[in-house]
>>> print(open('entry-v5.cif').read())   # mmCIF, N, CA and C atoms
data_final
#
loop_
_atom_site.group_PDB
_atom_site.id
_atom_site.type_symbol
_atom_site.label_atom_id
_atom_site.label_comp_id
_atom_site.auth_asym_id
_atom_site.auth_seq_id
_atom_site.Cartn_x
_atom_site.Cartn_y
_atom_site.Cartn_z
ATOM 1 N N MET A 1 5.467 15.040 0.809
ATOM 2 C CA MET A 1 4.452 15.471 1.735
ATOM 3 C C MET A 1 3.089 15.131 1.117
ATOM 4 N N TYR A 2 2.277 14.448 1.879
ATOM 5 C CA TYR A 2 0.951 14.055 1.422
ATOM 6 C C TYR A 2 -0.070 15.136 1.776
ATOM 7 N N ALA A 3 -1.269 15.018 1.207
ATOM 8 C CA ALA A 3 -2.316 16.022 1.381
ATOM 9 C C ALA A 3 -2.582 16.328 2.860
ATOM 10 N N GLU A 4 -2.682 15.286 3.657
ATOM 11 C CA GLU A 4 -2.995 15.473 5.072
ATOM 12 C C GLU A 4 -1.900 16.281 5.772
ATOM 13 N N GLU A 5 -0.661 15.996 5.434
ATOM 14 C CA GLU A 5 0.465 16.718 6.029
ATOM 15 C C GLU A 5 0.487 18.170 5.575
ATOM 16 N N MET A 6 0.177 18.395 4.288
ATOM 17 C CA MET A 6 0.123 19.771 3.786
ATOM 18 C C MET A 6 -0.927 20.568 4.534
ATOM 19 N N GLU A 7 -2.100 19.974 4.699
ATOM 20 C CA GLU A 7 -3.175 20.687 5.379
ATOM 21 C C GLU A 7 -2.833 20.958 6.838
ATOM 22 N N ASP A 8 -2.115 20.059 7.490
ATOM 23 C CA ASP A 8 -1.687 20.294 8.879
ATOM 24 C C ASP A 8 -0.763 21.509 8.953
ATOM 25 N N VAL A 9 0.196 21.594 8.030
ATOM 26 C CA VAL A 9 1.138 22.719 8.002
ATOM 27 C C VAL A 9 0.390 24.020 7.710
ATOM 28 N N LEU A 10 -0.508 23.979 6.746
ATOM 29 C CA LEU A 10 -1.280 25.177 6.395
ATOM 30 C C LEU A 10 -2.153 25.630 7.568
ATOM 31 N N ASP A 11 -2.752 24.675 8.246
ATOM 32 C CA ASP A 11 -3.606 24.996 9.395
ATOM 33 C C ASP A 11 -2.808 25.629 10.527
ATOM 34 N N GLU A 12 -1.660 25.051 10.836
ATOM 35 C CA GLU A 12 -0.816 25.592 11.917
ATOM 36 C C GLU A 12 -0.340 27.006 11.592
ATOM 37 N N ALA A 13 0.060 27.236 10.361
ATOM 38 C CA ALA A 13 0.518 28.571 9.960
ATOM 39 C C ALA A 13 -0.637 29.563 9.991
ATOM 40 N N GLY A 14 -1.826 29.100 9.630
ATOM 41 C CA GLY A 14 -3.005 29.958 9.672
ATOM 42 C C GLY A 14 -3.348 30.413 11.077
ATOM 43 N N LYS A 15 -3.014 29.601 12.071
ATOM 44 C CA LYS A 15 -3.245 29.975 13.466
ATOM 45 C C LYS A 15 -2.286 31.071 13.914
ATOM 46 N N VAL A 16 -1.135 31.155 13.260
ATOM 47 C CA VAL A 16 -0.099 32.119 13.624
ATOM 48 C C VAL A 16 -0.261 33.434 12.866
ATOM 49 N N ASN A 17 -0.684 33.341 11.607
ATOM 50 C CA ASN A 17 -0.719 34.512 10.734
ATOM 51 C C ASN A 17 -2.101 34.643 10.100
ATOM 52 N N GLU A 18 -2.852 35.659 10.502
ATOM 53 C CA GLU A 18 -4.227 35.860 10.026
ATOM 54 C C GLU A 18 -4.287 36.095 8.519
ATOM 55 N N GLN A 19 -3.364 36.881 7.984
ATOM 56 C CA GLN A 19 -3.358 37.161 6.545
ATOM 57 C C GLN A 19 -3.140 35.863 5.756
ATOM 58 N N PHE A 20 -2.220 35.044 6.226
ATOM 59 C CA PHE A 20 -1.980 33.770 5.569
ATOM 60 C C PHE A 20 -3.224 32.899 5.643
ATOM 61 N N HIS A 21 -3.872 32.882 6.791
ATOM 62 C CA HIS A 21 -5.091 32.092 6.973
ATOM 63 C C HIS A 21 -6.145 32.490 5.935
ATOM 64 N N GLU A 22 -6.297 33.776 5.704
ATOM 65 C CA GLU A 22 -7.273 34.255 4.723
ATOM 66 C C GLU A 22 -6.897 33.809 3.313
ATOM 67 N N GLN A 23 -5.614 33.859 2.976
ATOM 68 C CA GLN A 23 -5.176 33.401 1.652
ATOM 69 C C GLN A 23 -5.491 31.923 1.463
ATOM 70 N N TRP A 24 -5.202 31.134 2.486
ATOM 71 C CA TRP A 24 -5.455 29.710 2.401
ATOM 72 C C TRP A 24 -6.953 29.429 2.299
ATOM 73 N N MET A 25 -7.765 30.121 3.084
ATOM 74 C CA MET A 25 -9.207 29.923 3.042
ATOM 75 C C MET A 25 -9.765 30.282 1.663
ATOM 76 N N ASP A 26 -9.231 31.318 1.035
ATOM 77 C CA ASP A 26 -9.662 31.673 -0.320
ATOM 78 C C ASP A 26 -9.346 30.536 -1.289
ATOM 79 N N PHE A 27 -8.178 29.948 -1.144
ATOM 80 C CA PHE A 27 -7.750 28.871 -2.044
ATOM 81 C C PHE A 27 -8.569 27.600 -1.820
ATOM 82 N N ILE A 28 -8.958 27.325 -0.584
ATOM 83 C CA ILE A 28 -9.750 26.130 -0.281
ATOM 84 C C ILE A 28 -11.049 26.128 -1.079
ATOM 85 N N GLY A 29 -11.580 27.300 -1.349
ATOM 86 C CA GLY A 29 -12.826 27.393 -2.101
ATOM 87 C C GLY A 29 -12.707 27.006 -3.565
ATOM 88 N N ASP A 30 -11.503 26.929 -4.083
ATOM 89 C CA ASP A 30 -11.298 26.572 -5.486
ATOM 90 C C ASP A 30 -11.482 25.064 -5.685
ATOM 91 N N GLU A 31 -12.159 24.695 -6.747
ATOM 92 C CA GLU A 31 -12.368 23.285 -7.073
ATOM 93 C C GLU A 31 -11.036 22.568 -7.249
ATOM 94 N N GLU A 32 -10.058 23.268 -7.825
ATOM 95 C CA GLU A 32 -8.750 22.650 -8.058
ATOM 96 C C GLU A 32 -8.055 22.268 -6.757
ATOM 97 N N TYR A 33 -8.293 23.028 -5.691
ATOM 98 C CA TYR A 33 -7.684 22.690 -4.403
ATOM 99 C C TYR A 33 -8.142 21.307 -3.962
ATOM 100 N N GLN A 34 -9.442 21.073 -4.041
ATOM 101 C CA GLN A 34 -9.976 19.779 -3.628
ATOM 102 C C GLN A 34 -9.427 18.652 -4.510
ATOM 103 N N GLN A 35 -9.291 18.931 -5.791
ATOM 104 C CA GLN A 35 -8.740 17.927 -6.696
ATOM 105 C C GLN A 35 -7.279 17.628 -6.367
ATOM 106 N N LEU A 36 -6.529 18.658 -6.006
ATOM 107 C CA LEU A 36 -5.129 18.447 -5.622
ATOM 108 C C LEU A 36 -5.029 17.630 -4.340
ATOM 109 N N MET A 37 -5.913 17.877 -3.392
ATOM 110 C CA MET A 37 -5.892 17.114 -2.147
ATOM 111 C C MET A 37 -6.188 15.643 -2.425
ATOM 112 N N GLU A 38 -7.086 15.393 -3.378
ATOM 113 C CA GLU A 38 -7.356 14.012 -3.773
ATOM 114 C C GLU A 38 -6.136 13.405 -4.469
ATOM 115 N N PHE A 39 -5.495 14.180 -5.322
ATOM 116 C CA PHE A 39 -4.324 13.715 -6.064
ATOM 117 C C PHE A 39 -3.176 13.375 -5.121
ATOM 118 N N PHE A 40 -2.931 14.245 -4.134
ATOM 119 C CA PHE A 40 -1.808 14.055 -3.217
ATOM 120 C C PHE A 40 -2.169 13.218 -1.989
ATOM 121 N N ALA A 41 -3.314 12.547 -2.024
ATOM 122 C CA ALA A 41 -3.691 11.673 -0.912
ATOM 123 C C ALA A 41 -2.650 10.568 -0.753
ATOM 124 N N LYS A 42 -2.383 10.221 0.459
ATOM 125 C CA LYS A 42 -1.352 9.225 0.766
ATOM 126 C C LYS A 42 -1.610 7.900 0.052
ATOM 127 N N GLU A 43 -2.886 7.536 -0.118
ATOM 128 C CA GLU A 43 -3.236 6.268 -0.751
ATOM 129 C C GLU A 43 -2.766 6.184 -2.201
ATOM 130 N N ASN A 44 -2.520 7.322 -2.837
ATOM 131 C CA ASN A 44 -2.033 7.315 -4.214
ATOM 132 C C ASN A 44 -0.533 7.041 -4.311
ATOM 133 N N PHE A 45 0.147 7.088 -3.195
ATOM 134 C CA PHE A 45 1.603 6.926 -3.187
ATOM 135 C C PHE A 45 2.084 5.806 -2.257
ATOM 136 N N TYR A 46 1.242 5.410 -1.329
ATOM 137 C CA TYR A 46 1.678 4.536 -0.251
ATOM 138 C C TYR A 46 0.602 3.490 0.036
ATOM 139 N N ASP A 47 1.001 2.250 0.165
ATOM 140 C CA ASP A 47 0.079 1.165 0.506
ATOM 141 C C ASP A 47 -0.013 1.089 2.027
ATOM 142 N N THR A 48 -1.103 1.607 2.566
ATOM 143 C CA THR A 48 -1.239 1.663 4.026
ATOM 144 C C THR A 48 -1.477 0.280 4.637
ATOM 145 N N TRP A 49 -1.986 -0.660 3.847
ATOM 146 C CA TRP A 49 -2.184 -2.024 4.354
ATOM 147 C C TRP A 49 -0.855 -2.746 4.510
ATOM 148 N N GLU A 50 0.019 -2.568 3.542
ATOM 149 C CA GLU A 50 1.325 -3.229 3.571
ATOM 150 C C GLU A 50 2.382 -2.367 4.258
ATOM 151 N N ASP A 51 2.047 -1.111 4.527
ATOM 152 C CA ASP A 51 2.957 -0.159 5.163
ATOM 153 C C ASP A 51 4.250 0.019 4.369
ATOM 154 N N GLU A 52 4.069 0.247 3.040
ATOM 155 C CA GLU A 52 5.225 0.481 2.174
ATOM 156 C C GLU A 52 4.798 1.307 0.956
ATOM 157 N N PRO A 53 5.751 1.970 0.321
ATOM 158 C CA PRO A 53 5.416 2.760 -0.870
ATOM 159 C C PRO A 53 4.871 1.869 -1.991
ATOM 160 N N LEU A 54 3.977 2.441 -2.797
ATOM 161 C CA LEU A 54 3.463 1.708 -3.957
ATOM 162 C C LEU A 54 4.569 1.524 -4.978
ATOM 163 N N LEU A 55 4.456 0.472 -5.745
ATOM 164 C CA LEU A 55 5.369 0.271 -6.862
ATOM 165 C C LEU A 55 5.107 1.372 -7.893
ATOM 166 N N PRO A 56 6.121 1.768 -8.662
ATOM 167 C CA PRO A 56 5.939 2.862 -9.632
ATOM 168 C C PRO A 56 4.743 2.677 -10.563
ATOM 169 N N GLU A 57 4.531 1.462 -11.062
ATOM 170 C CA GLU A 57 3.413 1.256 -11.978
ATOM 171 C C GLU A 57 2.058 1.382 -11.268
ATOM 172 N N GLN A 58 1.986 0.984 -9.998
ATOM 173 C CA GLN A 58 0.749 1.145 -9.223
ATOM 174 C C GLN A 58 0.469 2.625 -8.984
ATOM 175 N N ARG A 59 1.503 3.349 -8.615
ATOM 176 C CA ARG A 59 1.375 4.788 -8.358
ATOM 177 C C ARG A 59 0.939 5.519 -9.624
ATOM 178 N N THR A 60 1.566 5.196 -10.742
ATOM 179 C CA THR A 60 1.225 5.836 -12.011
ATOM 180 C C THR A 60 -0.239 5.579 -12.370
ATOM 181 N N LYS A 61 -0.691 4.367 -12.185
ATOM 182 C CA LYS A 61 -2.080 4.015 -12.493
ATOM 183 C C LYS A 61 -3.046 4.830 -11.633
ATOM 184 N N LYS A 62 -2.769 4.942 -10.351
ATOM 185 C CA LYS A 62 -3.644 5.702 -9.460
ATOM 186 C C LYS A 62 -3.643 7.193 -9.801
ATOM 187 N N LEU A 63 -2.480 7.729 -10.104
ATOM 188 C CA LEU A 63 -2.392 9.162 -10.422
ATOM 189 C C LEU A 63 -3.077 9.476 -11.751
ATOM 190 N N LYS A 64 -2.927 8.598 -12.733
ATOM 191 C CA LYS A 64 -3.621 8.797 -13.998
ATOM 192 C C LYS A 64 -5.128 8.771 -13.785
ATOM 193 N N ALA A 65 -5.609 7.847 -12.966
ATOM 194 C CA ALA A 65 -7.048 7.767 -12.681
ATOM 195 C C ALA A 65 -7.545 9.033 -11.991
ATOM 196 N N ALA A 66 -6.711 9.611 -11.142
ATOM 197 C CA ALA A 66 -7.104 10.837 -10.437
ATOM 198 C C ALA A 66 -7.200 12.032 -11.384
ATOM 199 N N LEU A 67 -6.548 11.952 -12.532
ATOM 200 C CA LEU A 67 -6.540 13.066 -13.486
ATOM 201 C C LEU A 67 -7.608 12.959 -14.576
ATOM 202 N N VAL A 68 -8.288 11.829 -14.652
ATOM 203 C CA VAL A 68 -9.293 11.636 -15.703
ATOM 204 C C VAL A 68 -10.376 12.703 -15.593
ATOM 205 N N GLY A 69 -10.606 13.378 -16.712
ATOM 206 C CA GLY A 69 -11.660 14.384 -16.775
ATOM 207 C C GLY A 69 -11.332 15.704 -16.101
ATOM 208 N N LYS A 70 -10.108 15.888 -15.678
ATOM 209 C CA LYS A 70 -9.709 17.114 -14.982
ATOM 210 C C LYS A 70 -9.015 18.065 -15.950
ATOM 211 N N ASP A 71 -9.124 19.344 -15.693
ATOM 212 C CA ASP A 71 -8.408 20.367 -16.455
ATOM 213 C C ASP A 71 -6.969 20.377 -15.941
ATOM 214 N N ARG A 72 -6.087 19.742 -16.654
ATOM 215 C CA ARG A 72 -4.708 19.559 -16.187
ATOM 216 C C ARG A 72 -3.949 20.879 -16.076
ATOM 217 N N ILE A 73 -4.213 21.808 -16.984
ATOM 218 C CA ILE A 73 -3.541 23.111 -16.912
ATOM 219 C C ILE A 73 -3.955 23.837 -15.636
ATOM 220 N N ALA A 74 -5.251 23.820 -15.321
ATOM 221 C CA ALA A 74 -5.732 24.461 -14.092
ATOM 222 C C ALA A 74 -5.126 23.792 -12.866
ATOM 223 N N LEU A 75 -4.984 22.477 -12.914
ATOM 224 C CA LEU A 75 -4.377 21.761 -11.787
ATOM 225 C C LEU A 75 -2.905 22.105 -11.630
ATOM 226 N N ILE A 76 -2.203 22.252 -12.731
ATOM 227 C CA ILE A 76 -0.788 22.632 -12.659
ATOM 228 C C ILE A 76 -0.660 24.021 -12.056
ATOM 229 N N GLN A 77 -1.498 24.937 -12.481
ATOM 230 C CA GLN A 77 -1.466 26.293 -11.922
ATOM 231 C C GLN A 77 -1.801 26.260 -10.428
ATOM 232 N N ALA A 78 -2.802 25.463 -10.072
ATOM 233 C CA ALA A 78 -3.179 25.350 -8.662
ATOM 234 C C ALA A 78 -2.067 24.696 -7.847
ATOM 235 N N ALA A 79 -1.345 23.758 -8.447
ATOM 236 C CA ALA A 79 -0.233 23.101 -7.744
ATOM 237 C C ALA A 79 0.868 24.109 -7.425
ATOM 238 N N PHE A 80 1.109 25.048 -8.329
ATOM 239 C CA PHE A 80 2.096 26.093 -8.036
ATOM 240 C C PHE A 80 1.628 26.943 -6.853
ATOM 241 N N THR A 81 0.342 27.270 -6.840
ATOM 242 C CA THR A 81 -0.200 28.053 -5.719
ATOM 243 C C THR A 81 -0.093 27.270 -4.426
ATOM 244 N N LEU A 82 -0.450 25.995 -4.470
ATOM 245 C CA LEU A 82 -0.361 25.153 -3.278
ATOM 246 C C LEU A 82 1.081 25.054 -2.797
ATOM 247 N N GLY A 83 2.006 24.866 -3.705
ATOM 248 C CA GLY A 83 3.425 24.806 -3.331
ATOM 249 C C GLY A 83 3.885 26.087 -2.678
ATOM 250 N N TRP A 84 3.461 27.219 -3.226
ATOM 251 C CA TRP A 84 3.815 28.509 -2.638
ATOM 252 C C TRP A 84 3.229 28.634 -1.239
ATOM 253 N N LEU A 85 1.963 28.246 -1.084
ATOM 254 C CA LEU A 85 1.320 28.344 0.225
ATOM 255 C C LEU A 85 1.999 27.449 1.262
ATOM 256 N N VAL A 86 2.324 26.237 0.877
ATOM 257 C CA VAL A 86 2.982 25.320 1.819
ATOM 258 C C VAL A 86 4.375 25.857 2.187
ATOM 259 N N GLY A 87 5.109 26.350 1.201
ATOM 260 C CA GLY A 87 6.422 26.938 1.487
ATOM 261 C C GLY A 87 6.308 28.137 2.404
ATOM 262 N N ARG A 88 5.331 28.985 2.139
ATOM 263 C CA ARG A 88 5.096 30.171 2.986
ATOM 264 C C ARG A 88 4.698 29.739 4.395
ATOM 265 N N ALA A 89 3.856 28.717 4.489
ATOM 266 C CA ALA A 89 3.427 28.214 5.791
ATOM 267 C C ALA A 89 4.611 27.699 6.594
ATOM 268 N N GLU A 90 5.495 26.957 5.941
ATOM 269 C CA GLU A 90 6.681 26.458 6.632
ATOM 270 C C GLU A 90 7.558 27.591 7.119
ATOM 271 N N GLN A 91 7.682 28.637 6.320
ATOM 272 C CA GLN A 91 8.478 29.801 6.717
ATOM 273 C C GLN A 91 7.836 30.506 7.919
ATOM 274 N N ILE A 92 6.527 30.652 7.901
ATOM 275 C CA ILE A 92 5.816 31.267 9.029
ATOM 276 C C ILE A 92 6.064 30.485 10.301
ATOM 277 N N LEU A 93 5.996 29.176 10.208
ATOM 278 C CA LEU A 93 6.208 28.331 11.393
ATOM 279 C C LEU A 93 7.647 28.382 11.869
ATOM 280 N N ARG A 94 8.605 28.451 10.950
ATOM 281 C CA ARG A 94 10.012 28.596 11.364
ATOM 282 C C ARG A 94 10.245 29.938 12.042
ATOM 283 N N ASP A 95 9.662 30.990 11.491
ATOM 284 C CA ASP A 95 9.822 32.317 12.082
ATOM 285 C C ASP A 95 9.198 32.403 13.469
ATOM 286 N N LYS A 96 8.153 31.647 13.682
ATOM 287 C CA LYS A 96 7.460 31.618 14.985
ATOM 288 C C LYS A 96 8.394 31.113 16.079
ATOM 289 N N GLU A 97 9.236 30.139 15.706
ATOM 290 C CA GLU A 97 10.158 29.531 16.663
ATOM 291 C C GLU A 97 11.247 30.509 16.956
#
>>> encode(input="entry-v5.cif", output="structure tokens")
Amino acid sequence: MYAEEMEDVLDEAGKVNEQFHEQWMDFIGDEEYQQLMEFFAKENFYDTWEDEPLLPEQRTKKLKAALVGKDRIALIQAAFTLGWLVGRAEQILRDKE
């Protein structure tokens, strides 16, 4: 799941559950959230011009560049929070159905 897809799921769940929406909005304010969205951008994993996944070495190069100068521990902690939020959002949307 790429950044854009994650944000779509989070947005839809936020429309259904106000408490979840507030949790997500609090997280959006964190600098690490924005860095994660940049890290998980589709362009870091997929060549949109060729319409195919990047080769492993291309992907690794892009991901390493996205991490330069970043607090990796803070990003790992934020990634756990993001994963929890996306999982919770998916559950909210399933329960809605």
>>> residues_around(input="entry-v5.cif", residues="Glu32 (chain A)", least_positions_apart="2", cutoff="6.5 Å", atoms="only N, CA and C atoms", output="JSON, numbers by chain")
{"A": [29, 30, 34, 35, 36, 37, 74, 75, 78]}
>>> select_by_dssp(input="entry-v5.cif", residues="chain A", states="strand (DSSP E or B)", output="ChimeraX atom specification")
/A:46-47,52-53
>>> atom_distance(input="entry-v5.cif", atom1="CA of Gln91 (chain A)", atom2="CA of Phe27 (chain A)")
18.5 Å
>>> atom_distance(input="entry-v5.cif", atom1="CA of Phe39 (chain A)", atom2="CA of Ala66 (chain A)")
5.9 Å
>>> resolve_selection(input="entry-v5.cif", expression="the PyMOL selection byres (((chain A and resi 4 and name CA) around 10) and name CA)", output="list in words")
Met1, Tyr2, Ala3, Glu5, Met6, Glu7, Asp8, Val9, Leu10, Met37, Glu38, Phe40, Ala41 and Lys42 of chain A
>>> residues_around(input="entry-v5.cif", residues="Leu54 (chain A)", least_positions_apart="4", cutoff="9 Å", atoms="only C-alpha atoms", output="list in words")
Glu43, Asn44, Phe45, Tyr46, Asp47, Gln58 and Arg59 of chain A
>>> atom_distance(input="entry-v5.cif", atom1="atom C of Ile73 (chain A)", atom2="atom C of Leu55 (chain A)")
25.4 Å
>>> select_by_dssp(input="entry-v5.cif", residues="chain A", states="alpha helix (DSSP H)", output="JSON, numbers by chain")
{"A": [3, 4, 5, 6, 7, 8, 9, 10, 11, 12, 13, 14, 15, 16, 18, 19, 20, 21, 22, 23, 24, 25, 26, 27, 28, 31, 32, 33, 34, 35, 36, 37, 38, 39, 56, 57, 58, 59, 60, 61, 62, 63, 64, 65, 66, 67, 72, 73, 74, 75, 76, 77, 78, 79, 80, 81, 82, 83, 84, 85, 86, 87, 88, 89, 90, 91, 92, 93, 94, 95, 96]}
>>> closest_residue(input="entry-v5.cif", among="A:Glu31, A:Leu82, A:Glu52, A:Lys96", to="Lys70 (chain A)", atoms="only C-alpha atoms")
A:Glu31
>>> residues_around(input="entry-v5.cif", residues="Phe20 (chain A)", least_positions_apart="6", cutoff="10 Å", atoms="only C-alpha atoms", output="PyMOL selection string")
chain A and resi 10-11+13-14+26+85+88-89+92
>>> decode(input="entry-v5.cif", residues="region 15-77 of chain A", atoms="C-alpha atoms", output="PDB file, in the first residue's frame")
ATOM      1  CA  LYS A  15     -15.572  10.050   7.984  1.00  0.00           C
ATOM      2  CA  VAL A  16     -17.145   7.070   9.762  1.00  0.00           C
ATOM      3  CA  ASN A  17     -15.548   7.367  13.202  1.00  0.00           C
ATOM      4  CA  GLU A  18     -14.973  10.791  14.804  1.00  0.00           C
ATOM      5  CA  GLN A  19     -12.603   9.476  17.491  1.00  0.00           C
ATOM      6  CA  PHE A  20     -10.459   7.807  14.853  1.00  0.00           C
ATOM      7  CA  HIS A  21     -10.479  11.007  12.798  1.00  0.00           C
ATOM      8  CA  GLU A  22      -9.105  12.932  15.784  1.00  0.00           C
ATOM      9  CA  GLN A  23      -6.338  10.361  16.330  1.00  0.00           C
ATOM     10  CA  TRP A  24      -5.330  10.571  12.696  1.00  0.00           C
ATOM     11  CA  MET A  25      -5.409  14.382  12.690  1.00  0.00           C
ATOM     12  CA  ASP A  26      -3.138  14.415  15.757  1.00  0.00           C
ATOM     13  CA  PHE A  27      -0.675  12.134  13.965  1.00  0.00           C
ATOM     14  CA  ILE A  28      -0.716  14.240  10.774  1.00  0.00           C
ATOM     15  CA  GLY A  29       0.814  17.068  12.782  1.00  0.00           C
ATOM     16  CA  ASP A  30       3.932  15.015  13.511  1.00  0.00           C
ATOM     17  CA  GLU A  31       6.950  15.677  11.292  1.00  0.00           C
ATOM     18  CA  GLU A  32       7.539  11.926  11.075  1.00  0.00           C
ATOM     19  CA  TYR A  33       4.125  11.419   9.468  1.00  0.00           C
ATOM     20  CA  GLN A  34       5.078  13.658   6.569  1.00  0.00           C
ATOM     21  CA  GLN A  35       8.416  11.891   6.238  1.00  0.00           C
ATOM     22  CA  LEU A  36       6.677   8.509   6.146  1.00  0.00           C
ATOM     23  CA  MET A  37       4.310   9.717   3.430  1.00  0.00           C
ATOM     24  CA  GLU A  38       7.342  10.771   1.403  1.00  0.00           C
ATOM     25  CA  PHE A  39       9.029   7.421   2.082  1.00  0.00           C
ATOM     26  CA  PHE A  40       5.972   5.376   1.068  1.00  0.00           C
ATOM     27  CA  ALA A  41       5.276   7.465  -2.045  1.00  0.00           C
ATOM     28  CA  LYS A  42       4.509   5.287  -5.035  1.00  0.00           C
ATOM     29  CA  GLU A  43       7.446   6.779  -6.971  1.00  0.00           C
ATOM     30  CA  ASN A  44       9.859   5.125  -4.527  1.00  0.00           C
ATOM     31  CA  PHE A  45       8.559   1.667  -5.414  1.00  0.00           C
ATOM     32  CA  TYR A  46       7.005   1.916  -8.858  1.00  0.00           C
ATOM     33  CA  ASP A  47       8.069   3.446 -12.178  1.00  0.00           C
ATOM     34  CA  THR A  48       4.942   5.296 -13.260  1.00  0.00           C
ATOM     35  CA  TRP A  49       6.423   6.100 -16.688  1.00  0.00           C
ATOM     36  CA  GLU A  50       7.103   2.460 -17.503  1.00  0.00           C
ATOM     37  CA  ASP A  51       4.089   1.233 -15.493  1.00  0.00           C
ATOM     38  CA  GLU A  52       6.099  -1.421 -13.648  1.00  0.00           C
ATOM     39  CA  PRO A  53       7.756  -1.954 -10.262  1.00  0.00           C
ATOM     40  CA  LEU A  54      11.252  -0.536  -9.793  1.00  0.00           C
ATOM     41  CA  LEU A  55      14.158  -2.921  -9.839  1.00  0.00           C
ATOM     42  CA  PRO A  56      15.377  -3.771  -6.303  1.00  0.00           C
ATOM     43  CA  GLU A  57      18.550  -1.703  -6.645  1.00  0.00           C
ATOM     44  CA  GLN A  58      16.576   1.333  -7.903  1.00  0.00           C
ATOM     45  CA  ARG A  59      14.109   1.019  -5.036  1.00  0.00           C
ATOM     46  CA  THR A  60      16.899   0.674  -2.475  1.00  0.00           C
ATOM     47  CA  LYS A  61      18.641   3.778  -3.818  1.00  0.00           C
ATOM     48  CA  LYS A  62      15.458   5.856  -3.613  1.00  0.00           C
ATOM     49  CA  LEU A  63      14.590   4.643  -0.115  1.00  0.00           C
ATOM     50  CA  LYS A  64      18.103   5.306   1.170  1.00  0.00           C
ATOM     51  CA  ALA A  65      17.923   8.837  -0.257  1.00  0.00           C
ATOM     52  CA  ALA A  66      14.594   9.376   1.502  1.00  0.00           C
ATOM     53  CA  LEU A  67      16.221   8.471   4.838  1.00  0.00           C
ATOM     54  CA  VAL A  68      19.238  10.791   4.601  1.00  0.00           C
ATOM     55  CA  GLY A  69      19.341  13.102   7.593  1.00  0.00           C
ATOM     56  CA  LYS A  70      16.250  11.574   9.202  1.00  0.00           C
ATOM     57  CA  ASP A  71      15.917  10.226  12.739  1.00  0.00           C
ATOM     58  CA  ARG A  72      15.463   6.572  11.811  1.00  0.00           C
ATOM     59  CA  ILE A  73      14.358   5.484  15.289  1.00  0.00           C
ATOM     60  CA  ALA A  74      11.609   8.133  15.301  1.00  0.00           C
ATOM     61  CA  LEU A  75      10.551   7.008  11.829  1.00  0.00           C
ATOM     62  CA  ILE A  76      10.382   3.376  12.912  1.00  0.00           C
ATOM     63  CA  GLN A  77       8.221   4.331  15.883  1.00  0.00           C
TER      64      GLN A  77
END
